[in-house]
>>> print(open('query18.cif').read())   # mmCIF, C-alpha atoms
data_query
#
loop_
_atom_site.label_atom_id
_atom_site.label_comp_id
_atom_site.auth_asym_id
_atom_site.auth_seq_id
_atom_site.Cartn_x
_atom_site.Cartn_y
_atom_site.Cartn_z
CA MET F 1 -49.45 -7.14 9.75
CA ILE F 2 -49.54 -7.92 6.05
CA TRP F 3 -48.28 -11.25 4.75
CA PHE F 4 -47.81 -12.89 1.36
CA THR F 5 -47.52 -16.50 0.32
CA SER F 6 -48.09 -18.68 -2.71
CA ASP F 7 -47.91 -22.19 -4.11
CA LEU F 8 -48.68 -24.22 -1.01
CA HIS F 9 -50.09 -26.97 -3.27
CA LEU F 10 -51.90 -28.51 -0.30
CA GLY F 11 -52.80 -32.10 -1.05
CA HIS F 12 -50.42 -32.36 -4.01
CA ALA F 13 -48.15 -35.33 -3.32
CA ASN F 14 -46.11 -34.80 -6.50
CA ALA F 15 -45.14 -31.28 -5.34
CA ILE F 16 -42.78 -32.97 -2.88
CA GLN F 17 -40.74 -34.48 -5.71
CA PHE F 18 -41.23 -31.74 -8.33
CA CYS F 19 -40.19 -28.96 -5.95
CA ASP F 20 -37.68 -30.98 -3.93
CA ARG F 21 -39.64 -30.36 -0.73
CA PRO F 22 -38.29 -32.00 2.44
CA PHE F 23 -41.42 -33.97 3.35
CA GLU F 24 -41.94 -37.72 3.45
CA THR F 25 -45.69 -37.64 2.81
CA VAL F 26 -48.33 -35.21 1.57
CA GLU F 27 -49.95 -35.31 5.02
CA LYS F 28 -46.69 -34.17 6.64
CA MET F 29 -46.32 -31.46 4.00
CA ASN F 30 -49.86 -30.21 4.63
CA ARG F 31 -49.38 -30.20 8.42
CA THR F 32 -46.01 -28.44 8.20
CA LEU F 33 -47.22 -25.78 5.76
CA ILE F 34 -50.32 -25.04 7.86
CA ARG F 35 -48.29 -24.98 11.09
CA SER F 36 -45.61 -22.71 9.56
CA TYR F 37 -48.26 -20.37 8.17
CA ASN F 38 -50.14 -20.17 11.49
CA SER F 39 -46.92 -19.66 13.48
CA ARG F 40 -46.46 -16.30 11.75
CA VAL F 41 -49.96 -15.12 10.93
CA ALA F 42 -52.26 -13.79 13.67
CA LYS F 43 -56.04 -13.87 13.56
CA ASN F 44 -56.41 -10.24 12.46
CA ASP F 45 -53.48 -10.16 10.03
CA THR F 46 -54.12 -9.90 6.29
CA VAL F 47 -52.63 -12.56 4.03
CA TYR F 48 -52.45 -12.24 0.27
CA ILE F 49 -52.28 -15.75 -1.14
CA LEU F 50 -50.91 -15.49 -4.66
CA GLY F 51 -52.39 -18.69 -5.97
CA ASP F 52 -52.12 -22.46 -6.07
CA LEU F 53 -53.38 -23.14 -2.58
CA SER F 54 -54.17 -26.73 -3.45
CA PHE F 55 -53.94 -29.21 -6.30
CA ARG F 56 -55.30 -32.65 -7.14
CA ILE F 57 -57.69 -32.88 -4.20
CA PRO F 58 -61.47 -32.41 -4.06
CA VAL F 59 -62.59 -28.84 -3.43
CA GLU F 60 -64.26 -29.87 -0.15
CA GLU F 61 -60.94 -31.22 1.15
CA ALA F 62 -59.17 -28.06 0.00
CA ASN F 63 -61.76 -25.90 1.78
CA ASP F 64 -61.21 -27.89 5.00
CA LEU F 65 -57.46 -27.24 4.81
CA ILE F 66 -57.94 -23.53 3.98
CA ARG F 67 -60.25 -23.15 7.02
CA GLN F 68 -57.26 -24.07 9.20
CA LEU F 69 -55.26 -21.05 8.00
CA LYS F 70 -55.40 -17.95 10.22
CA GLY F 71 -55.90 -14.38 9.13
CA LYS F 72 -58.00 -12.45 6.68
CA LYS F 73 -57.22 -14.22 3.42
CA ILE F 74 -57.25 -12.57 -0.01
CA LEU F 75 -56.74 -14.92 -2.93
CA LEU F 76 -55.12 -14.07 -6.23
CA ARG F 77 -56.07 -17.04 -8.38
CA GLY F 78 -53.37 -19.33 -9.65
CA ASN F 79 -53.48 -21.85 -12.46
CA HIS F 80 -54.34 -24.73 -10.10
CA ASP F 81 -56.92 -23.04 -7.90
CA LYS F 82 -60.41 -24.45 -7.70
CA THR F 83 -63.65 -22.66 -7.07
CA TYR F 84 -63.12 -22.62 -3.32
CA ASP F 85 -65.78 -21.57 -0.84
CA PRO F 86 -65.76 -17.78 -1.36
CA THR F 87 -66.66 -17.17 2.29
CA LEU F 88 -63.13 -18.32 3.21
CA PHE F 89 -61.71 -15.16 1.61
CA GLU F 90 -62.14 -11.43 2.04
CA ALA F 91 -61.78 -11.10 -1.74
CA ILE F 92 -60.66 -13.06 -4.80
CA TYR F 93 -58.80 -11.47 -7.73
CA ASP F 94 -56.70 -12.34 -10.76
CA PHE F 95 -54.56 -9.19 -10.42
CA TYR F 96 -54.53 -6.61 -7.66
CA GLU F 97 -52.66 -3.41 -6.84
CA LEU F 98 -52.10 -3.03 -3.11
CA LYS F 99 -52.10 0.66 -2.26
CA GLY F 100 -51.39 2.66 0.86
CA TYR F 101 -48.70 0.48 2.43
CA TYR F 102 -45.74 1.49 0.31
CA LYS F 103 -45.13 4.73 -1.57
CA TYR F 104 -46.14 3.01 -4.84
CA PRO F 105 -48.82 0.44 -5.58
CA ILE F 106 -47.61 -3.14 -5.17
CA ALA F 107 -48.57 -5.34 -8.11
CA LEU F 108 -49.84 -8.75 -6.97
CA MET F 109 -50.37 -11.66 -9.34
CA HIS F 110 -49.79 -15.39 -9.36
CA TYR F 111 -47.63 -15.17 -12.46
CA PRO F 112 -44.37 -13.18 -12.69
CA MET F 113 -44.50 -10.19 -14.99
CA VAL F 114 -41.64 -8.57 -16.89
CA GLU F 115 -43.30 -5.16 -16.45
CA TRP F 116 -46.07 -4.01 -14.12
CA PRO F 117 -47.66 -0.66 -13.26
CA LYS F 118 -44.96 1.82 -12.19
CA SER F 119 -42.27 -0.85 -12.49
CA ARG F 120 -39.82 1.76 -13.77
CA HIS F 121 -40.62 4.09 -10.89
CA GLY F 122 -40.04 1.93 -7.81
CA SER F 123 -43.16 -0.24 -7.65
CA LEU F 124 -42.82 -3.79 -6.31
CA HIS F 125 -44.20 -6.90 -7.99
CA LEU F 126 -44.93 -9.93 -5.85
CA HIS F 127 -45.73 -13.28 -7.46
CA GLY F 128 -45.58 -17.04 -7.16
CA HIS F 129 -45.97 -19.79 -9.78
CA GLN F 130 -42.33 -20.60 -10.48
CA HIS F 131 -41.43 -22.53 -7.29
CA ASN F 132 -38.08 -20.76 -7.16
CA LYS F 133 -35.56 -21.04 -4.37
CA PHE F 134 -34.54 -17.91 -2.43
CA THR F 135 -31.60 -17.41 -4.79
CA TYR F 136 -34.14 -16.11 -7.37
CA ASN F 137 -35.09 -13.24 -5.02
CA GLU F 138 -31.42 -12.53 -4.40
CA GLN F 139 -30.81 -12.43 -8.15
CA MET F 140 -33.70 -10.00 -8.68
CA LYS F 141 -32.26 -7.74 -5.99
CA GLN F 142 -28.77 -7.94 -7.48
CA GLU F 143 -30.17 -7.00 -10.92
CA GLY F 144 -32.12 -4.08 -9.45
CA ILE F 145 -35.49 -5.68 -10.28
CA LEU F 146 -38.15 -5.15 -7.59
CA ARG F 147 -39.81 -8.52 -8.23
CA TYR F 148 -40.10 -11.06 -5.42
CA ASP F 149 -41.33 -14.67 -5.40
CA VAL F 150 -43.48 -15.05 -2.27
CA GLY F 151 -43.95 -18.80 -2.83
CA VAL F 152 -43.31 -21.19 0.03
CA ASP F 153 -40.41 -22.83 -1.85
CA ALA F 154 -38.50 -19.52 -1.84
CA ASN F 155 -39.35 -18.57 1.75
CA ASP F 156 -38.66 -21.50 4.07
CA TYR F 157 -42.23 -22.81 3.62
CA CYS F 158 -43.64 -19.75 5.41
CA PRO F 159 -45.46 -16.54 4.54
CA VAL F 160 -43.27 -13.46 4.18
CA SER F 161 -44.22 -10.05 5.56
CA LEU F 162 -44.36 -6.79 3.66
CA ASN F 163 -41.86 -5.41 6.19
CA ALA F 164 -39.40 -8.23 5.43
CA ILE F 165 -39.72 -7.70 1.66
CA CYS F 166 -39.14 -3.95 1.97
CA GLU F 167 -36.20 -4.56 4.27
CA PHE F 168 -34.78 -7.14 1.84
CA PHE F 169 -34.76 -4.58 -0.98
CA GLY F 170 -33.69 -1.71 1.34
CA LEU F 171 -36.94 0.17 0.69
CA GLU F 172 -38.56 2.59 3.09
CA ARG F 173 -42.25 2.21 3.74
#
>>> encode(input="query18.cif", output="structure tokens")
Amino acid sequence: MIWFTSDLHLGHANAIQFCDRPFETVEKMNRTLIRSYNSRVAKNDTVYILGDLSFRIPVEEANDLIRQLKGKKILLRGNHDKTYDPTLFEAIYDFYELKGYYKYPIALMHYPMVEWPKSRHGSLHLHGHQHNKFTYNEQMKQEGILRYDVGVDANDYCPVSLNAICEFFGLER
């Protein structure tokens, strides 16, 4: 299974207020995000993390939290990412085109793009960064734009599968 997520902001107490997250403390937020992630992701699943895994905590603490996340993790760096332990990831990129799972490459990046490779020919673009609610994804669909915010704030604080994204847009894999 292939999963996507972004903007967990583990350790970032102010994310609770800034993003209107329903957590009383940063510890509860961290526990809930890790539990939600691990409830969907299996050990051999691949997870593309589109940035901002943590913020405002020491890199050693961030690495300890990342170690708790299941799956084969691929990081697309966000603006708040640290130099994490690279052994925690299968790969680390700034931009990546995922090929072979959909009829077009899927453009992956932390930041949303107005245009991406093959965007006018049916290619998907998955991103984070904006901390949108799910209504953003619904608006993109309504406007015929194949751009999807995979961030936890737009997806019930959980990773979202490639199957669910394709189904959402009515796309055949």
>>> closest_atom_pairs(input="query18.cif", of="segment 15-41 of chain F", to="segment 120-143 of chain F", cutoff="12 Å", atoms="all atoms listed in the file", output="tab-separated table")
residue	atom	partner	partner_atom	distance
F:Ala15	CA	F:His131	CA	9.7
F:Ile16	CA	F:His131	CA	11.4
F:Phe18	CA	F:His131	CA	9.3
F:Cys19	CA	F:His131	CA	6.7
F:Asp20	CA	F:His131	CA	9.8
F:Arg21	CA	F:His131	CA	10.4
>>> resolve_selection(input="query18.cif", expression="the PyMOL selection byres ((chain F and resi 40) around 12)", output="MDAnalysis selection string")
chainID F and resid 1:5 33:39 41:47 69:71 157:161
>>> residues_around(input="query18.cif", residues="segment 115-118 of chain F", least_positions_apart="3", cutoff="12 Å", atoms="only C-alpha atoms", output="VMD selection string")
chain F and resid 95 to 99 103 to 109 111 to 112 121 to 127 145 to 147
>>> resolve_selection(input="query18.cif", expression="the PyMOL selection byres ((chain F and resi 25) around 12)", output="PyMOL selection string")
chain F and resi 10-17+21-24+26-32
>>> atom_distance(input="query18.cif", atom1="atom CA of Glu61 of chain F", atom2="atom CA of Lys82 of chain F")
11.2 Å
>>> closest_residue(input="query18.cif", among="F:Phe169, F:Tyr101, F:Tyr148, F:Asp94", to="Val114 of chain F", atoms="all atoms listed in the file")
F:Tyr148
>>> resolve_selection(input="query18.cif", expression="the PyMOL selection byres ((chain F and resi 75) around 7)", output="JSON, numbers by chain")
{"F": [48, 49, 50, 51, 73, 74, 76, 77, 89, 91, 92, 93]}
>>> atom_distance(input="query18.cif", atom1="atom CA of Ala154 of chain F", atom2="atom CA of Glu60 of chain F")
27.8 Å
>>> closest_residue(input="query18.cif", among="F:Tyr102, F:Pro58, F:Asp64, F:Gly151", to="Gly78 of chain F", atoms="all atoms listed in the file")
F:Gly151
>>> closest_residue(input="query18.cif", among="F:Phe168, F:Leu53, F:Gly144, F:Arg173", to="Gly100 of chain F", atoms="only C-alpha atoms")
F:Arg173
>>> atom_distance(input="query18.cif", atom1="atom CA of Ile165 of chain F", atom2="atom CA of Thr87 of chain F")
28.6 Å
>>> axis_aligned_box(input="query18.cif", around="segment 47-56 of chain F", padding_each_side="3 Å", output="AutoDock Vina command-line options")
--center_x -53.1 --center_y -22.4 --center_z -1.6 --size_x 10.4 --size_y 26.4 --size_z 17.2
>>> closest_residue(input="query18.cif", among="F:Glu90, F:Glu172, F:Glu167, F:Asp81", to="Ser54 of chain F", atoms="only C-alpha atoms")
F:Asp81
>>> closest_residue(input="query18.cif", among="F:Ala62, F:Met113, F:Leu8, F:Leu162", to="Tyr84 of chain F", atoms="all atoms listed in the file")
F:Ala62
